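Peer 1: Sending over run.tsv (TSV, C-alpha atoms).
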```
chain	number	residue	atom	x	y	z
I	1	MET	CA	23.02	-8.57	-27.77
I	2	SER	CA	21.26	-6.28	-25.27
I	3	ARG	CA	19.58	-3.08	-26.35
I	4	PRO	CA	20.96	0.26	-25.13
I	5	VAL	CA	19.16	1.83	-22.18
I	6	PRO	CA	17.43	5.10	-23.20
I	7	LEU	CA	18.89	8.32	-21.81
I	8	ARG	CA	15.68	9.20	-19.92
I	9	VAL	CA	15.81	5.86	-18.09
I	10	ARG	CA	19.48	6.28	-17.19
I	11	GLY	CA	18.74	9.84	-16.00
I	12	SER	CA	15.82	8.68	-13.85
I	13	ARG	CA	17.90	5.94	-12.26
I	14	ALA	CA	20.71	8.37	-11.51
I	15	GLY	CA	18.25	10.88	-9.99
I	16	PHE	CA	16.67	8.26	-7.71
I	17	ARG	CA	20.09	6.97	-6.64
I	18	GLN	CA	21.17	10.53	-5.78
I	19	LEU	CA	17.97	11.16	-3.79
I	20	ALA	CA	18.54	7.92	-1.87
I	21	ARG	CA	22.16	8.94	-1.13
I	22	LEU	CA	21.08	12.37	0.14
I	23	ARG	CA	18.38	10.86	2.35
I	24	HIS	CA	20.43	7.88	3.51
I	25	ALA	CA	17.23	5.95	2.81
I	26	PRO	CA	15.33	4.62	-0.21
I	27	ALA	CA	14.10	7.25	-2.69
I	28	PHE	CA	10.45	6.19	-2.20
I	29	HIS	CA	8.77	5.01	0.98
I	30	PRO	CA	11.75	5.82	3.23
I	31	ASP	CA	9.71	6.25	6.42
I	32	GLY	CA	7.50	3.39	7.55
I	33	LEU	CA	6.21	0.96	10.12
I	34	THR	CA	6.47	-2.81	9.64
I	35	CYS	CA	4.42	-5.16	11.78
I	36	THR	CA	2.67	-8.51	11.68
I	37	GLY	CA	-1.04	-9.08	11.53
I	38	GLU	CA	-3.82	-11.21	10.23
I	39	LEU	CA	-5.71	-10.80	6.98
I	40	ALA	CA	-9.30	-11.97	7.44
I	41	MET	CA	-11.22	-12.83	4.29
I	42	PRO	CA	-14.98	-12.64	4.92
I	43	GLY	CA	-15.97	-15.14	2.24
I	44	LEU	CA	-18.05	-14.51	-0.84
I	45	ARG	CA	-20.41	-11.57	-1.04
I	46	GLY	CA	-21.81	-11.63	-4.54
I	47	ALA	CA	-20.03	-12.94	-7.64
I	48	ALA	CA	-16.99	-15.16	-7.25
I	49	TRP	CA	-13.57	-13.72	-8.10
I	50	GLY	CA	-12.27	-17.05	-9.33
I	51	VAL	CA	-9.33	-16.95	-6.91
I	52	PRO	CA	-9.53	-19.31	-3.89
I	53	TRP	CA	-8.01	-16.99	-1.28
I	54	LEU	CA	-10.31	-14.10	-2.31
I	55	ASP	CA	-13.46	-16.22	-2.62
I	56	GLY	CA	-13.14	-18.29	0.54
I	57	LEU	CA	-13.58	-17.62	4.19
I	58	GLY	CA	-10.10	-17.62	5.69
I	59	ARG	CA	-7.43	-16.02	7.82
I	60	TYR	CA	-3.83	-15.52	6.74
I	61	GLU	CA	-0.85	-14.48	8.82
I	62	CYS	CA	0.71	-11.45	7.20
I	63	VAL	CA	3.48	-8.88	7.30
I	64	VAL	CA	2.31	-5.29	6.79
I	65	ARG	CA	4.25	-2.12	6.02
I	66	LEU	CA	2.66	1.30	6.18
I	67	SER	CA	4.87	4.05	4.76
I	68	ARG	CA	5.09	7.64	3.55
I	69	GLY	CA	5.57	7.43	-0.22
I	70	ALA	CA	7.51	10.56	-1.08
I	71	GLY	CA	9.03	10.98	2.36
I	72	LEU	CA	7.78	14.59	2.62
I	73	PRO	CA	8.49	16.30	5.94
I	74	ARG	CA	5.77	16.09	8.57
I	75	PRO	CA	3.17	17.55	9.03
I	76	LEU	CA	2.75	17.77	5.24
I	77	PRO	CA	0.39	15.16	3.79
I	78	ASP	CA	2.06	12.42	1.74
I	79	TRP	CA	1.05	9.60	-0.56
I	80	LEU	CA	0.84	6.72	1.89
I	81	GLY	CA	1.65	3.14	0.97
I	82	LEU	CA	0.22	-0.06	2.41
I	83	ALA	CA	2.07	-3.26	1.52
I	84	VAL	CA	0.60	-6.56	2.69
I	85	ARG	CA	2.29	-9.94	2.32
I	86	ALA	CA	-0.30	-12.63	3.12
I	87	LEU	CA	1.69	-15.74	3.97
I	88	ASP	CA	0.40	-18.99	2.45
I	89	ALA	CA	-2.57	-17.21	0.78
I	90	GLY	CA	-1.51	-18.64	-2.59
I	91	GLY	CA	-1.05	-22.10	-1.05
I	92	PRO	CA	1.51	-23.54	1.38
I	93	GLY	CA	4.76	-21.57	1.06
I	94	ARG	CA	3.25	-19.23	-1.57
I	95	PRO	CA	2.65	-15.69	-0.28
I	96	VAL	CA	0.44	-13.12	-1.99
I	97	ASP	CA	1.68	-9.51	-2.10
I	98	LEU	CA	-0.71	-6.56	-2.24
I	99	LEU	CA	0.55	-3.03	-2.90
I	100	LEU	CA	-1.93	-0.26	-2.17
I	101	THR	CA	-1.81	3.54	-1.87
I	102	SER	CA	-3.91	6.13	-0.06
I	103	SER	CA	-6.93	6.93	-2.19
I	104	ALA	CA	-10.43	8.40	-2.19
I	105	ARG	CA	-13.50	6.57	-0.89
I	106	PRO	CA	-15.79	6.83	-3.98
I	107	PRO	CA	-15.11	3.88	-6.31
I	108	VAL	CA	-14.81	6.13	-9.37
I	109	LEU	CA	-11.87	7.97	-7.73
I	110	ARG	CA	-10.23	4.96	-6.13
I	111	ARG	CA	-7.40	4.72	-8.69
I	112	LEU	CA	-6.28	8.27	-7.97
I	113	PRO	CA	-3.51	8.50	-5.31
I	114	LEU	CA	-4.56	10.90	-2.57
I	115	PRO	CA	-2.03	12.53	-0.21
I	116	ARG	CA	-3.09	12.25	3.41
I	117	GLY	CA	-1.77	13.24	6.84
I	118	ASP	CA	-3.71	10.64	8.81
I	119	ALA	CA	-2.51	7.10	8.09
I	120	LEU	CA	-5.86	5.65	9.20
I	121	GLY	CA	-7.99	8.43	7.70
I	122	GLY	CA	-9.27	6.71	4.58
I	123	PRO	CA	-9.03	3.82	2.16
I	124	TYR	CA	-6.07	2.39	0.32
I	125	SER	CA	-6.39	0.89	-3.15
I	126	SER	CA	-4.44	-0.65	-5.98
I	127	LEU	CA	-3.64	1.89	-8.69
I	128	LEU	CA	-3.64	-0.68	-11.44
I	129	THR	CA	-6.39	-3.10	-12.33
I	130	TYR	CA	-5.74	-6.72	-11.44
I	131	ARG	CA	-7.02	-9.33	-13.89
I	132	VAL	CA	-9.02	-11.63	-11.63
I	133	GLY	CA	-11.28	-14.38	-12.92
I	134	GLY	CA	-11.37	-12.79	-16.38
I	135	ARG	CA	-12.42	-9.36	-15.04
I	136	GLY	CA	-10.52	-6.19	-14.20
I	137	MET	CA	-10.70	-5.46	-10.47
I	138	VAL	CA	-9.34	-2.78	-8.15
I	139	LEU	CA	-8.48	-4.04	-4.67
I	140	ALA	CA	-9.06	-1.81	-1.64
I	141	ALA	CA	-8.46	-1.82	2.12
I	142	PHE	CA	-10.52	0.24	4.55
I	143	PRO	CA	-9.14	1.10	8.02
I	144	ARG	CA	-11.50	0.89	10.95
I	145	ARG	CA	-13.08	4.26	11.64
I	146	ARG	CA	-11.78	6.09	14.71
I	147	ARG	CA	-13.51	8.71	16.82
I	148	ARG	CA	-10.58	11.08	16.38
I	149	PRO	CA	-8.01	11.10	13.58
I	150	LEU	CA	-4.44	10.29	14.62
I	151	HIS	CA	-2.59	12.63	12.23
I	152	ARG	CA	0.60	10.73	12.90
I	153	SER	CA	3.37	9.30	10.82
I	154	PRO	CA	3.35	5.55	10.19
I	155	PRO	CA	6.06	4.87	12.85
I	156	ALA	CA	4.05	6.84	15.45
I	157	LEU	CA	1.12	4.46	15.00
I	158	ARG	CA	3.06	1.85	17.00
I	159	ARG	CA	2.54	4.05	20.08
I	160	ALA	CA	-1.13	4.88	19.31
I	161	PRO	CA	-3.90	3.56	21.54
I	162	PRO	CA	-5.98	0.75	19.94
```
Produce structure tokens that represent the structure in this file.
Peer 2:
Amino acid sequence: MSRPVPLRVRGSRAGFRQLARLRHAPAFHPDGLTCTGELAMPGLRGAAWGVPWLDGLGRYECVVRLSRGAGLPRPLPDWLGLAVRALDAGGPGRPVDLLLTSSARPPVLRRLPLPRGDALGGPYSSLLTYRVGGRGMVLAAFPRRRRRPLHRSPPALRRAPP
């Protein structure tokens, strides 16, 4: 026999469904850019993680989605999301999914989501600790630095100069 769903959970679900209906898009991350790319792992620098795809030197074909988390109107900053699916990183036919959010650069603040207007203006990190090789780790991605910030939405990045 299944347990009854608490009222607060039912209310949350109904609220997110209504928001999605009003937007004609998902409640979270409704506005984004999906593209393909390559995830390059530089090999070990220091202690081993105990995970082959993180420890080794390698390149993985990937699908990447950069999105505005709350879907706030531009030009307001938003919590940006970076989703990476590294194909075959877990072995042939076994993708690895990484979900990251815009965050601060200092490691001590990296778990705190940071709203941003520039999609390439700072790091992205995992909010939760991953248990890797018996240790708790926070994963992060750092965009290449640009001379000038883009201050564009994720879809506008497709038209941005390299």
Peer 1: As JSON, please: the centre and edge lengths in Å, to one decimal, of an axis-aligned box enclosing every listed atom of region 16-20 of chain I with 3 Å added on each side.
Peer 2:
```
{"center_x": 18.9, "center_y": 9.1, "center_z": -4.8, "size_x": 10.5, "size_y": 10.2, "size_z": 11.8}
```
Peer 1: Please, what distance in Å, to one decimal, runs between CA of Pro115 (chain I) and CA of Pro77 (chain I)?
Peer 2: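 Calculated distance between CA of Pro115 (chain I) and CA of Pro77 (chain I) is 5.4 Å.
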Peer 1: Need the shell around Tyr130 (chain I): protein/DNA/RNA residues with any atom at most 12 Å away, counting only C-alpha atoms. Skip same-chain ones fewer than 3 positions apart. Format as a list in words?
Peer 2: Trp49, Val51, Leu98, Leu99, Leu100, Arg111, Ser125, Ser126, Leu127, Gly133, Gly134, Arg135, Gly136, Met137, Val138, Leu139 and Ala140 of chain I
Peer 1: Deliver the residues from the most recent selection as a file, using C-alpha atoms, as a tab-separated table (two decimals), in the coordinates of the input.
Peer 2:
```tsv
chain	number	residue	atom	x	y	z
I	49	TRP	CA	-13.57	-13.72	-8.10
I	51	VAL	CA	-9.33	-16.95	-6.91
I	98	LEU	CA	-0.71	-6.56	-2.24
I	99	LEU	CA	0.55	-3.03	-2.90
I	100	LEU	CA	-1.93	-0.26	-2.17
I	111	ARG	CA	-7.40	4.72	-8.69
I	125	SER	CA	-6.39	0.89	-3.15
I	126	SER	CA	-4.44	-0.65	-5.98
I	127	LEU	CA	-3.64	1.89	-8.69
I	133	GLY	CA	-11.28	-14.38	-12.92
I	134	GLY	CA	-11.37	-12.79	-16.38
I	135	ARG	CA	-12.42	-9.36	-15.04
I	136	GLY	CA	-10.52	-6.19	-14.20
I	137	MET	CA	-10.70	-5.46	-10.47
I	138	VAL	CA	-9.34	-2.78	-8.15
I	139	LEU	CA	-8.48	-4.04	-4.67
I	140	ALA	CA	-9.06	-1.81	-1.64
```
Peer 1: Just checking: using only C-alpha atoms, which residue out of I:Pro123, I:Gly58, I:Pro6, I:Pro26 ends up closest to Leu39 (chain I)?
Peer 2: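 Among the listed residues, I:Gly58 lies closest to Leu39 (chain I).
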Peer 1: Counting all atoms listed in the file, note down every residue that has an atom within 6 Å of the point (7.7, 3.3, 6.6) (file coordinates), as a list in words.
Peer 2: His29, Pro30, Asp31, Gly32, Leu33, Leu66, Ser67 and Arg68 of chain I
Peer 1: For those residues, write C-alpha atoms to a file as a CSV table (one decimal), keeping the file's coordinate frame.
Peer 2:
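Saved result, part39.csv, follows:
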```
chain,number,residue,atom,x,y,z
I,29,HIS,CA,8.8,5.0,1.0
I,30,PRO,CA,11.8,5.8,3.2
I,31,ASP,CA,9.7,6.2,6.4
I,32,GLY,CA,7.5,3.4,7.6
I,33,LEU,CA,6.2,1.0,10.1
I,66,LEU,CA,2.7,1.3,6.2
I,67,SER,CA,4.9,4.0,4.8
I,68,ARG,CA,5.1,7.6,3.6
```
Peer 1: Pull the neighbourhood of (-10.6, -17.1, -5.5) for me: all residues within 10 Å in file coordinates, counting only C-alpha atoms, as a ChimeraX atom specification.
Peer 2: /I:43-44,48-56,90,132-133
Peer 1: Pick from I:Ser2, I:Arg105, I:Glu61, I:Leu72: nearest to Gly93 (chain I), with only C-alpha atoms counted?
Peer 2: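 Of all the options, I:Glu61 lies closest to Gly93 (chain I).
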Peer 1: Determine the nearest neighbour of Leu109 (chain I) from the options I:Tyr124, I:Pro95, I:Leu82, I:Ala14, counting only C-alpha atoms.
Peer 2: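 Going through I:Tyr124, I:Pro95, I:Leu82, I:Ala14 one by one, the smallest distance to Leu109 (chain I) is for I:Tyr124.
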Peer 1: Determine the nearest neighbour of Arg74 (chain I) from the options I:Gly121, I:Val5, I:Arg116, I:Leu19, counting only C-alpha atoms.
Peer 2: I:Arg116
Peer 1: Quick one: of I:Ser12, I:Ala141, I:Trp79, I:Gly91, who's nearest to Leu112 (chain I), counting only C-alpha atoms?
Peer 2: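 Once distances to Leu112 (chain I) are computed over only C-alpha atoms, the minimum belongs to I:Trp79.
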Peer 1: Quick one, how far is CA of Gly69 (chain I) from CA of Leu87 (chain I)?
Peer 2: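 About the pair CA of Gly69 (chain I) and CA of Leu87 (chain I): they are 23.9 Å apart.
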Peer 1: Missing atoms in region 82-118 of chain I: can you complete it with N, CA and C atoms, as a short mmCIF file (atom, residue, chain, number, x, y, z; two decimals), in the coordinates of the input?
Peer 2:
```
data_model
loop_
_atom_site.label_atom_id
_atom_site.label_comp_id
_atom_site.auth_asym_id
_atom_site.auth_seq_id
_atom_site.Cartn_x
_atom_site.Cartn_y
_atom_site.Cartn_z
N LEU I 82 0.57 1.08 1.58
CA LEU I 82 0.22 -0.06 2.41
C LEU I 82 0.62 -1.31 1.63
N ALA I 83 1.63 -2.01 2.14
CA ALA I 83 2.07 -3.26 1.52
C ALA I 83 1.70 -4.40 2.45
N VAL I 84 1.04 -5.41 1.91
CA VAL I 84 0.60 -6.56 2.69
C VAL I 84 1.14 -7.82 2.03
N ARG I 85 1.86 -8.63 2.79
CA ARG I 85 2.29 -9.94 2.32
C ARG I 85 1.51 -10.97 3.13
N ALA I 86 0.53 -11.61 2.47
CA ALA I 86 -0.30 -12.63 3.12
C ALA I 86 0.38 -13.98 2.93
N LEU I 87 0.94 -14.48 4.02
CA LEU I 87 1.69 -15.74 3.97
C LEU I 87 0.75 -16.90 3.68
N ASP I 88 1.15 -17.77 2.82
CA ASP I 88 0.40 -18.99 2.45
C ASP I 88 -0.95 -18.73 1.78
N ALA I 89 -1.28 -17.48 1.42
CA ALA I 89 -2.57 -17.21 0.78
C ALA I 89 -2.65 -17.85 -0.61
N GLY I 90 -1.53 -17.99 -1.28
CA GLY I 90 -1.51 -18.64 -2.59
C GLY I 90 -1.32 -20.14 -2.51
N GLY I 91 -1.31 -20.68 -1.30
CA GLY I 91 -1.05 -22.10 -1.05
C GLY I 91 0.14 -22.20 -0.10
N PRO I 92 0.40 -23.38 0.43
CA PRO I 92 1.51 -23.54 1.38
C PRO I 92 2.84 -23.04 0.79
N GLY I 93 3.48 -22.11 1.51
CA GLY I 93 4.76 -21.57 1.06
C GLY I 93 4.66 -20.58 -0.09
N ARG I 94 3.44 -20.16 -0.45
CA ARG I 94 3.25 -19.23 -1.57
C ARG I 94 2.53 -17.97 -1.09
N PRO I 95 3.29 -16.92 -0.76
CA PRO I 95 2.65 -15.69 -0.28
C PRO I 95 1.99 -14.92 -1.42
N VAL I 96 1.08 -14.05 -1.05
CA VAL I 96 0.44 -13.12 -1.99
C VAL I 96 0.79 -11.72 -1.51
N ASP I 97 1.30 -10.88 -2.43
CA ASP I 97 1.68 -9.51 -2.10
C ASP I 97 0.67 -8.54 -2.67
N LEU I 98 0.22 -7.61 -1.83
CA LEU I 98 -0.71 -6.56 -2.24
C LEU I 98 -0.03 -5.22 -2.01
N LEU I 99 -0.04 -4.37 -3.01
CA LEU I 99 0.55 -3.03 -2.90
C LEU I 99 -0.56 -2.01 -3.14
N LEU I 100 -0.83 -1.21 -2.12
CA LEU I 100 -1.93 -0.26 -2.17
C LEU I 100 -1.42 1.13 -1.80
N THR I 101 -2.17 2.16 -2.20
CA THR I 101 -1.81 3.54 -1.87
C THR I 101 -3.03 4.29 -1.35
N SER I 102 -2.80 5.34 -0.60
CA SER I 102 -3.91 6.13 -0.06
C SER I 102 -4.73 6.67 -1.23
N SER I 103 -6.05 6.55 -1.09
CA SER I 103 -6.93 6.93 -2.19
C SER I 103 -8.23 7.52 -1.64
N ALA I 104 -9.12 7.86 -2.56
CA ALA I 104 -10.43 8.40 -2.19
C ALA I 104 -11.42 7.27 -1.94
N ARG I 105 -12.49 7.57 -1.21
CA ARG I 105 -13.50 6.57 -0.89
C ARG I 105 -14.40 6.23 -2.09
N PRO I 106 -14.89 7.20 -2.87
CA PRO I 106 -15.79 6.83 -3.98
C PRO I 106 -15.08 5.91 -4.99
N PRO I 107 -15.74 4.82 -5.39
CA PRO I 107 -15.11 3.88 -6.31
C PRO I 107 -14.58 4.50 -7.59
N VAL I 108 -15.24 5.51 -8.12
CA VAL I 108 -14.81 6.13 -9.37
C VAL I 108 -13.47 6.86 -9.20
N LEU I 109 -13.13 7.26 -7.99
CA LEU I 109 -11.87 7.97 -7.73
C LEU I 109 -10.82 7.09 -7.07
N ARG I 110 -11.11 5.83 -6.91
CA ARG I 110 -10.23 4.96 -6.13
C ARG I 110 -8.87 4.73 -6.75
N ARG I 111 -8.71 4.92 -8.04
CA ARG I 111 -7.40 4.72 -8.69
C ARG I 111 -6.52 5.96 -8.63
N LEU I 112 -7.02 7.02 -8.05
CA LEU I 112 -6.28 8.27 -7.97
C LEU I 112 -5.57 8.35 -6.62
N PRO I 113 -4.22 8.39 -6.59
CA PRO I 113 -3.51 8.50 -5.31
C PRO I 113 -3.88 9.81 -4.62
N LEU I 114 -4.12 9.74 -3.33
CA LEU I 114 -4.56 10.90 -2.57
C LEU I 114 -3.62 11.12 -1.39
N PRO I 115 -2.90 12.25 -1.36
CA PRO I 115 -2.03 12.53 -0.21
C PRO I 115 -2.89 12.69 1.05
N ARG I 116 -2.34 12.23 2.16
CA ARG I 116 -3.09 12.25 3.41
C ARG I 116 -2.12 12.43 4.58
N GLY I 117 -2.58 13.09 5.64
CA GLY I 117 -1.77 13.24 6.84
C GLY I 117 -2.06 12.18 7.88
N ASP I 118 -3.27 11.64 7.84
CA ASP I 118 -3.71 10.64 8.81
C ASP I 118 -3.63 9.26 8.17
#
```
